[in-house]
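Shown next: input_18.pdb, given as PDB, N, CA, C and O atoms, pLDDT in the B column.
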MODEL        1
ATOM      1  N   MET A   1      15.270 -37.283  45.652  1.00 57.00           N
ATOM      2  CA  MET A   1      13.820 -37.289  45.702  1.00 57.00           C
ATOM      3  C   MET A   1      13.307 -36.339  46.776  1.00 57.00           C
ATOM      4  O   MET A   1      12.453 -35.538  46.528  1.00 57.00           O
ATOM      5  N   LYS A   2      13.867 -36.464  48.012  1.00 63.00           N
ATOM      6  CA  LYS A   2      13.395 -35.619  49.108  1.00 63.00           C
ATOM      7  C   LYS A   2      13.646 -34.145  48.824  1.00 63.00           C
ATOM      8  O   LYS A   2      12.814 -33.306  49.130  1.00 63.00           O
ATOM      9  N   SER A   3      14.797 -33.824  48.247  1.00 78.00           N
ATOM     10  CA  SER A   3      15.093 -32.424  47.990  1.00 78.00           C
ATOM     11  C   SER A   3      14.126 -31.834  46.965  1.00 78.00           C
ATOM     12  O   SER A   3      13.781 -30.655  47.047  1.00 78.00           O
ATOM     13  N   VAL A   4      13.668 -32.643  46.027  1.00 84.00           N
ATOM     14  CA  VAL A   4      12.694 -32.174  45.044  1.00 84.00           C
ATOM     15  C   VAL A   4      11.366 -31.862  45.727  1.00 84.00           C
ATOM     16  O   VAL A   4      10.716 -30.856  45.433  1.00 84.00           O
ATOM     17  N   ILE A   5      10.964 -32.707  46.666  1.00 80.00           N
ATOM     18  CA  ILE A   5       9.722 -32.472  47.403  1.00 80.00           C
ATOM     19  C   ILE A   5       9.831 -31.193  48.223  1.00 80.00           C
ATOM     20  O   ILE A   5       8.932 -30.358  48.209  1.00 80.00           O
ATOM     21  N   TRP A   6      10.955 -31.013  48.943  1.00 79.00           N
ATOM     22  CA  TRP A   6      11.126 -29.804  49.759  1.00 79.00           C
ATOM     23  C   TRP A   6      11.164 -28.560  48.883  1.00 79.00           C
ATOM     24  O   TRP A   6      10.619 -27.525  49.250  1.00 79.00           O
ATOM     25  N   GLN A   7      11.817 -28.664  47.742  1.00 84.00           N
ATOM     26  CA  GLN A   7      11.880 -27.509  46.845  1.00 84.00           C
ATOM     27  C   GLN A   7      10.497 -27.121  46.338  1.00 84.00           C
ATOM     28  O   GLN A   7      10.157 -25.940  46.286  1.00 84.00           O
ATOM     29  N   SER A   8       9.697 -28.117  45.999  1.00 86.00           N
ATOM     30  CA  SER A   8       8.355 -27.811  45.502  1.00 86.00           C
ATOM     31  C   SER A   8       7.482 -27.227  46.615  1.00 86.00           C
ATOM     32  O   SER A   8       6.671 -26.328  46.369  1.00 86.00           O
ATOM     33  N   ILE A   9       7.633 -27.713  47.849  1.00 84.00           N
ATOM     34  CA  ILE A   9       6.883 -27.151  48.977  1.00 84.00           C
ATOM     35  C   ILE A   9       7.314 -25.718  49.233  1.00 84.00           C
ATOM     36  O   ILE A   9       6.482 -24.830  49.434  1.00 84.00           O
ATOM     37  N   ASN A  10       8.614 -25.458  49.208  1.00 86.00           N
ATOM     38  CA  ASN A  10       9.126 -24.100  49.418  1.00 86.00           C
ATOM     39  C   ASN A  10       8.620 -23.148  48.342  1.00 86.00           C
ATOM     40  O   ASN A  10       8.266 -22.009  48.637  1.00 86.00           O
ATOM     41  N   GLN A  11       8.579 -23.599  47.100  1.00 88.00           N
ATOM     42  CA  GLN A  11       8.087 -22.759  46.013  1.00 88.00           C
ATOM     43  C   GLN A  11       6.595 -22.498  46.152  1.00 88.00           C
ATOM     44  O   GLN A  11       6.129 -21.381  45.948  1.00 88.00           O
ATOM     45  N   TYR A  12       5.836 -23.505  46.508  1.00 89.00           N
ATOM     46  CA  TYR A  12       4.387 -23.361  46.623  1.00 89.00           C
ATOM     47  C   TYR A  12       4.009 -22.368  47.714  1.00 89.00           C
ATOM     48  O   TYR A  12       3.151 -21.513  47.529  1.00 89.00           O
ATOM     49  N   PHE A  13       4.669 -22.462  48.870  1.00 87.00           N
ATOM     50  CA  PHE A  13       4.364 -21.582  49.995  1.00 87.00           C
ATOM     51  C   PHE A  13       5.217 -20.313  50.006  1.00 87.00           C
ATOM     52  O   PHE A  13       5.110 -19.508  50.931  1.00 87.00           O
ATOM     53  N   LYS A  14       6.098 -20.159  49.010  1.00 90.00           N
ATOM     54  CA  LYS A  14       6.959 -18.979  48.874  1.00 90.00           C
ATOM     55  C   LYS A  14       7.779 -18.744  50.138  1.00 90.00           C
ATOM     56  O   LYS A  14       7.817 -17.648  50.698  1.00 90.00           O
ATOM     57  N   LEU A  15       8.412 -19.828  50.619  1.00 89.00           N
ATOM     58  CA  LEU A  15       9.246 -19.736  51.812  1.00 89.00           C
ATOM     59  C   LEU A  15      10.608 -19.162  51.452  1.00 89.00           C
ATOM     60  O   LEU A  15      11.126 -19.411  50.361  1.00 89.00           O
ATOM     61  N   PRO A  16      11.236 -18.415  52.365  1.00 89.00           N
ATOM     62  CA  PRO A  16      12.571 -17.882  52.110  1.00 89.00           C
ATOM     63  C   PRO A  16      13.598 -19.005  51.984  1.00 89.00           C
ATOM     64  O   PRO A  16      13.405 -20.102  52.511  1.00 89.00           O
ATOM     65  N   LYS A  17      14.688 -18.702  51.311  1.00 84.00           N
ATOM     66  CA  LYS A  17      15.763 -19.679  51.140  1.00 84.00           C
ATOM     67  C   LYS A  17      16.336 -20.041  52.513  1.00 84.00           C
ATOM     68  O   LYS A  17      16.538 -19.180  53.360  1.00 84.00           O
ATOM     69  N   GLY A  18      16.557 -21.330  52.756  1.00 82.00           N
ATOM     70  CA  GLY A  18      17.103 -21.793  54.012  1.00 82.00           C
ATOM     71  C   GLY A  18      16.044 -22.247  55.008  1.00 82.00           C
ATOM     72  O   GLY A  18      16.379 -22.815  56.032  1.00 82.00           O
ATOM     73  N   ILE A  19      14.786 -21.986  54.705  1.00 84.00           N
ATOM     74  CA  ILE A  19      13.700 -22.438  55.583  1.00 84.00           C
ATOM     75  C   ILE A  19      13.245 -23.817  55.113  1.00 84.00           C
ATOM     76  O   ILE A  19      12.901 -23.999  53.949  1.00 84.00           O
ATOM     77  N   VAL A  20      13.270 -24.781  56.030  1.00 81.00           N
ATOM     78  CA  VAL A  20      12.863 -26.148  55.699  1.00 81.00           C
ATOM     79  C   VAL A  20      11.681 -26.523  56.588  1.00 81.00           C
ATOM     80  O   VAL A  20      11.816 -26.562  57.810  1.00 81.00           O
ATOM     81  N   PRO A  21      10.516 -26.781  55.993  1.00 82.00           N
ATOM     82  CA  PRO A  21       9.376 -27.190  56.817  1.00 82.00           C
ATOM     83  C   PRO A  21       9.620 -28.582  57.395  1.00 82.00           C
ATOM     84  O   PRO A  21      10.012 -29.506  56.692  1.00 82.00           O
ATOM     85  N   MET A  22       9.411 -28.732  58.693  1.00 82.00           N
ATOM     86  CA  MET A  22       9.646 -30.010  59.348  1.00 82.00           C
ATOM     87  C   MET A  22       8.438 -30.933  59.253  1.00 82.00           C
ATOM     88  O   MET A  22       8.581 -32.135  59.169  1.00 82.00           O
ATOM     89  N   TRP A  23       7.241 -30.360  59.302  1.00 80.00           N
ATOM     90  CA  TRP A  23       6.027 -31.161  59.182  1.00 80.00           C
ATOM     91  C   TRP A  23       4.886 -30.264  58.746  1.00 80.00           C
ATOM     92  O   TRP A  23       4.955 -29.056  58.856  1.00 80.00           O
ATOM     93  N   MET A  24       3.837 -30.902  58.250  1.00 78.00           N
ATOM     94  CA  MET A  24       2.669 -30.155  57.781  1.00 78.00           C
ATOM     95  C   MET A  24       1.412 -30.862  58.274  1.00 78.00           C
ATOM     96  O   MET A  24       1.405 -32.067  58.484  1.00 78.00           O
ATOM     97  N   ILE A  25       0.369 -30.105  58.459  1.00 82.00           N
ATOM     98  CA  ILE A  25      -0.924 -30.654  58.855  1.00 82.00           C
ATOM     99  C   ILE A  25      -1.912 -30.374  57.729  1.00 82.00           C
ATOM    100  O   ILE A  25      -2.000 -29.244  57.246  1.00 82.00           O
ATOM    101  N   SER A  26      -2.625 -31.383  57.334  1.00 80.00           N
ATOM    102  CA  SER A  26      -3.648 -31.169  56.314  1.00 80.00           C
ATOM    103  C   SER A  26      -5.009 -31.037  56.982  1.00 80.00           C
ATOM    104  O   SER A  26      -5.314 -31.730  57.950  1.00 80.00           O
ATOM    105  N   PHE A  27      -5.811 -30.123  56.485  1.00 83.00           N
ATOM    106  CA  PHE A  27      -7.151 -29.882  57.004  1.00 83.00           C
ATOM    107  C   PHE A  27      -8.154 -30.199  55.910  1.00 83.00           C
ATOM    108  O   PHE A  27      -7.881 -30.008  54.728  1.00 83.00           O
ATOM    109  N   GLY A  28      -9.302 -30.670  56.319  1.00 84.00           N
ATOM    110  CA  GLY A  28     -10.345 -30.937  55.345  1.00 84.00           C
ATOM    111  C   GLY A  28     -11.475 -31.717  55.974  1.00 84.00           C
ATOM    112  O   GLY A  28     -11.526 -31.935  57.186  1.00 84.00           O
ATOM    113  N   TYR A  29     -12.372 -32.138  55.141  1.00 80.00           N
ATOM    114  CA  TYR A  29     -13.523 -32.909  55.572  1.00 80.00           C
ATOM    115  C   TYR A  29     -13.440 -34.304  54.989  1.00 80.00           C
ATOM    116  O   TYR A  29     -12.983 -34.480  53.856  1.00 80.00           O
ATOM    117  N   ILE A  30     -13.927 -35.288  55.736  1.00 79.00           N
ATOM    118  CA  ILE A  30     -13.947 -36.645  55.223  1.00 79.00           C
ATOM    119  C   ILE A  30     -15.067 -36.756  54.196  1.00 79.00           C
ATOM    120  O   ILE A  30     -16.064 -36.038  54.259  1.00 79.00           O
ATOM    121  N   ASP A  31     -14.916 -37.633  53.242  1.00 82.00           N
ATOM    122  CA  ASP A  31     -15.901 -37.771  52.186  1.00 82.00           C
ATOM    123  C   ASP A  31     -16.951 -38.838  52.466  1.00 82.00           C
ATOM    124  O   ASP A  31     -17.764 -39.145  51.613  1.00 82.00           O
ATOM    125  N   GLN A  32     -16.936 -39.375  53.666  1.00 83.00           N
ATOM    126  CA  GLN A  32     -17.926 -40.387  54.014  1.00 83.00           C
ATOM    127  C   GLN A  32     -18.401 -40.191  55.444  1.00 83.00           C
ATOM    128  O   GLN A  32     -17.731 -39.577  56.251  1.00 83.00           O
ATOM    129  N   GLU A  33     -19.569 -40.690  55.729  1.00 84.00           N
ATOM    130  CA  GLU A  33     -20.155 -40.577  57.062  1.00 84.00           C
ATOM    131  C   GLU A  33     -19.432 -41.519  58.020  1.00 84.00           C
ATOM    132  O   GLU A  33     -19.243 -42.695  57.712  1.00 84.00           O
ATOM    133  N   GLU A  34     -19.016 -41.011  59.174  1.00 82.00           N
ATOM    134  CA  GLU A  34     -18.309 -41.844  60.143  1.00 82.00           C
ATOM    135  C   GLU A  34     -19.316 -42.484  61.098  1.00 82.00           C
ATOM    136  O   GLU A  34     -20.234 -41.832  61.587  1.00 82.00           O
ATOM    137  N   VAL A  35     -19.144 -43.765  61.362  1.00 86.00           N
ATOM    138  CA  VAL A  35     -20.028 -44.491  62.260  1.00 86.00           C
ATOM    139  C   VAL A  35     -19.625 -44.194  63.702  1.00 86.00           C
ATOM    140  O   VAL A  35     -18.461 -44.306  64.065  1.00 86.00           O
ATOM    141  N   VAL A  36     -20.595 -43.799  64.525  1.00 86.00           N
ATOM    142  CA  VAL A  36     -20.334 -43.484  65.929  1.00 86.00           C
ATOM    143  C   VAL A  36     -20.230 -44.787  66.708  1.00 86.00           C
ATOM    144  O   VAL A  36     -21.092 -45.653  66.618  1.00 86.00           O
ATOM    145  N   LYS A  37     -19.144 -44.918  67.478  1.00 88.00           N
ATOM    146  CA  LYS A  37     -18.920 -46.126  68.269  1.00 88.00           C
ATOM    147  C   LYS A  37     -19.337 -45.868  69.716  1.00 88.00           C
ATOM    148  O   LYS A  37     -19.032 -44.824  70.276  1.00 88.00           O
ATOM    149  N   ASP A  38     -20.017 -46.819  70.305  1.00 89.00           N
ATOM    150  CA  ASP A  38     -20.404 -46.716  71.710  1.00 89.00           C
ATOM    151  C   ASP A  38     -19.260 -47.278  72.557  1.00 89.00           C
ATOM    152  O   ASP A  38     -19.053 -48.480  72.622  1.00 89.00           O
ATOM    153  N   LYS A  39     -18.508 -46.393  73.196  1.00 90.00           N
ATOM    154  CA  LYS A  39     -17.339 -46.796  73.975  1.00 90.00           C
ATOM    155  C   LYS A  39     -17.616 -46.858  75.468  1.00 90.00           C
ATOM    156  O   LYS A  39     -16.733 -47.162  76.250  1.00 90.00           O
ATOM    157  N   PHE A  40     -18.827 -46.559  75.877  1.00 90.00           N
ATOM    158  CA  PHE A  40     -19.162 -46.541  77.296  1.00 90.00           C
ATOM    159  C   PHE A  40     -19.211 -47.958  77.843  1.00 90.00           C
ATOM    160  O   PHE A  40     -19.866 -48.836  77.298  1.00 90.00           O
ATOM    161  N   ASP A  41     -18.501 -48.187  78.937  1.00 91.00           N
ATOM    162  CA  ASP A  41     -18.492 -49.486  79.609  1.00 91.00           C
ATOM    163  C   ASP A  41     -18.886 -49.251  81.066  1.00 91.00           C
ATOM    164  O   ASP A  41     -18.104 -48.707  81.848  1.00 91.00           O
ATOM    165  N   SER A  42     -20.097 -49.642  81.416  1.00 88.00           N
ATOM    166  CA  SER A  42     -20.595 -49.372  82.758  1.00 88.00           C
ATOM    167  C   SER A  42     -19.806 -50.107  83.839  1.00 88.00           C
ATOM    168  O   SER A  42     -19.822 -49.707  85.003  1.00 88.00           O
ATOM    169  N   SER A  43     -19.071 -51.166  83.487  1.00 88.00           N
ATOM    170  CA  SER A  43     -18.279 -51.878  84.485  1.00 88.00           C
ATOM    171  C   SER A  43     -17.078 -51.058  84.960  1.00 88.00           C
ATOM    172  O   SER A  43     -16.477 -51.364  85.980  1.00 88.00           O
ATOM    173  N   LYS A  44     -16.733 -50.006  84.226  1.00 86.00           N
ATOM    174  CA  LYS A  44     -15.603 -49.163  84.602  1.00 86.00           C
ATOM    175  C   LYS A  44     -16.001 -47.982  85.473  1.00 86.00           C
ATOM    176  O   LYS A  44     -15.162 -47.194  85.875  1.00 86.00           O
ATOM    177  N   VAL A  45     -17.281 -47.845  85.765  1.00 86.00           N
ATOM    178  CA  VAL A  45     -17.772 -46.774  86.617  1.00 86.00           C
ATOM    179  C   VAL A  45     -17.712 -47.236  88.067  1.00 86.00           C
ATOM    180  O   VAL A  45     -18.235 -48.293  88.406  1.00 86.00           O
ATOM    181  N   HIS A  46     -17.047 -46.431  88.913  1.00 83.00           N
ATOM    182  CA  HIS A  46     -16.885 -46.782  90.326  1.00 83.00           C
ATOM    183  C   HIS A  46     -17.502 -45.695  91.183  1.00 83.00           C
ATOM    184  O   HIS A  46     -17.371 -44.516  90.907  1.00 83.00           O
ATOM    185  N   TYR A  47     -18.154 -46.087  92.254  1.00 85.00           N
ATOM    186  CA  TYR A  47     -18.772 -45.153  93.184  1.00 85.00           C
ATOM    187  C   TYR A  47     -18.085 -45.291  94.546  1.00 85.00           C
ATOM    188  O   TYR A  47     -18.350 -46.239  95.280  1.00 85.00           O
ATOM    189  N   GLU A  48     -17.165 -44.387  94.831  1.00 81.00           N
ATOM    190  CA  GLU A  48     -16.488 -44.286  96.119  1.00 81.00           C
ATOM    191  C   GLU A  48     -15.602 -45.475  96.474  1.00 81.00           C
ATOM    192  O   GLU A  48     -15.098 -45.540  97.567  1.00 81.00           O
ATOM    193  N   LYS A  49     -15.460 -46.467  95.669  1.00 71.00           N
ATOM    194  CA  LYS A  49     -14.537 -47.582  95.935  1.00 71.00           C
ATOM    195  C   LYS A  49     -14.165 -48.259  94.620  1.00 71.00           C
ATOM    196  O   LYS A  49     -14.842 -48.112  93.627  1.00 71.00           O
ATOM    197  N   TYR A  50     -13.077 -49.044  94.661  1.00 58.00           N
ATOM    198  CA  TYR A  50     -12.595 -49.702  93.443  1.00 58.00           C
ATOM    199  C   TYR A  50     -12.743 -51.164  93.550  1.00 58.00           C
ATOM    200  O   TYR A  50     -12.437 -52.008  94.000  1.00 58.00           O
TER     201      TYR A  50
ENDMDL
END

Step by step, read the file and then write its structure as structure tokens.
Amino acid sequence: MKSVIWQSINQYFKLPKGIVPMWMISFGYIDQEEVVKDKFDSSKVHYEKY
């Protein structure tokens, strides 16, 4: 199974024989609006002392 996947990746990207991709990164846009989270915690702000 794995060798079939690697072979298809090598063919798609026209990689030379013997080159094996170790990992890939996919790029794109999300199809939904992401909700912004408020992560600010004022109790973690310190002024000159802890």

- Message: Among chain A, which residues does DSSP mark as alpha helix (DSSP H) when it is run on the backbone? Keep the chain and numbering as in the structure and answer as a ChimeraX atom specification.
- Response: /A:2-13

- Correct to one decimal, the distance atom O of Met24 of chain A-atom O of Val4 of chain A is 16.1 Å

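Nearest to Gly18 of chain A of all the residues A:Trp6, A:Asp31, A:Ser43, A:Val36 is A:Trp6, counting only C-alpha atoms.
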
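In this model, the gap between atom O of Ser26 of chain A and atom CA of Ser3 of chain A comes to 22.7 Å.
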
- Task: Name the residues in contact with Asn10 of chain A at a cut-off of 8 Å, using all atoms listed in the file, excluding same-chain residues fewer than 6 positions from it; report them as a VMD selection string.
- Result: chain A and resid 3 to 4 16 to 17 19 to 21

If you keep N, CA, C and O atoms, can you produce a file of those selected residues as a short mmCIF file (atom, residue, chain, number, x, y, z; two decimals), in the frame of the given file?
data_model
loop_
_atom_site.label_atom_id
_atom_site.label_comp_id
_atom_site.auth_asym_id
_atom_site.auth_seq_id
_atom_site.Cartn_x
_atom_site.Cartn_y
_atom_site.Cartn_z
N SER A 3 14.80 -33.82 48.25
CA SER A 3 15.09 -32.42 47.99
C SER A 3 14.13 -31.83 46.96
O SER A 3 13.78 -30.66 47.05
N VAL A 4 13.67 -32.64 46.03
CA VAL A 4 12.69 -32.17 45.04
C VAL A 4 11.37 -31.86 45.73
O VAL A 4 10.72 -30.86 45.43
N PRO A 16 11.24 -18.42 52.36
CA PRO A 16 12.57 -17.88 52.11
C PRO A 16 13.60 -19.00 51.98
O PRO A 16 13.40 -20.10 52.51
N LYS A 17 14.69 -18.70 51.31
CA LYS A 17 15.76 -19.68 51.14
C LYS A 17 16.34 -20.04 52.51
O LYS A 17 16.54 -19.18 53.36
N ILE A 19 14.79 -21.99 54.70
CA ILE A 19 13.70 -22.44 55.58
C ILE A 19 13.24 -23.82 55.11
O ILE A 19 12.90 -24.00 53.95
N VAL A 20 13.27 -24.78 56.03
CA VAL A 20 12.86 -26.15 55.70
C VAL A 20 11.68 -26.52 56.59
O VAL A 20 11.82 -26.56 57.81
N PRO A 21 10.52 -26.78 55.99
CA PRO A 21 9.38 -27.19 56.82
C PRO A 21 9.62 -28.58 57.40
O PRO A 21 10.01 -29.51 56.69
#

- Two-atom distance - atom CA of Ile25 of chain A, atom CA of Gln11 of chain A (Å): 17.6 Å
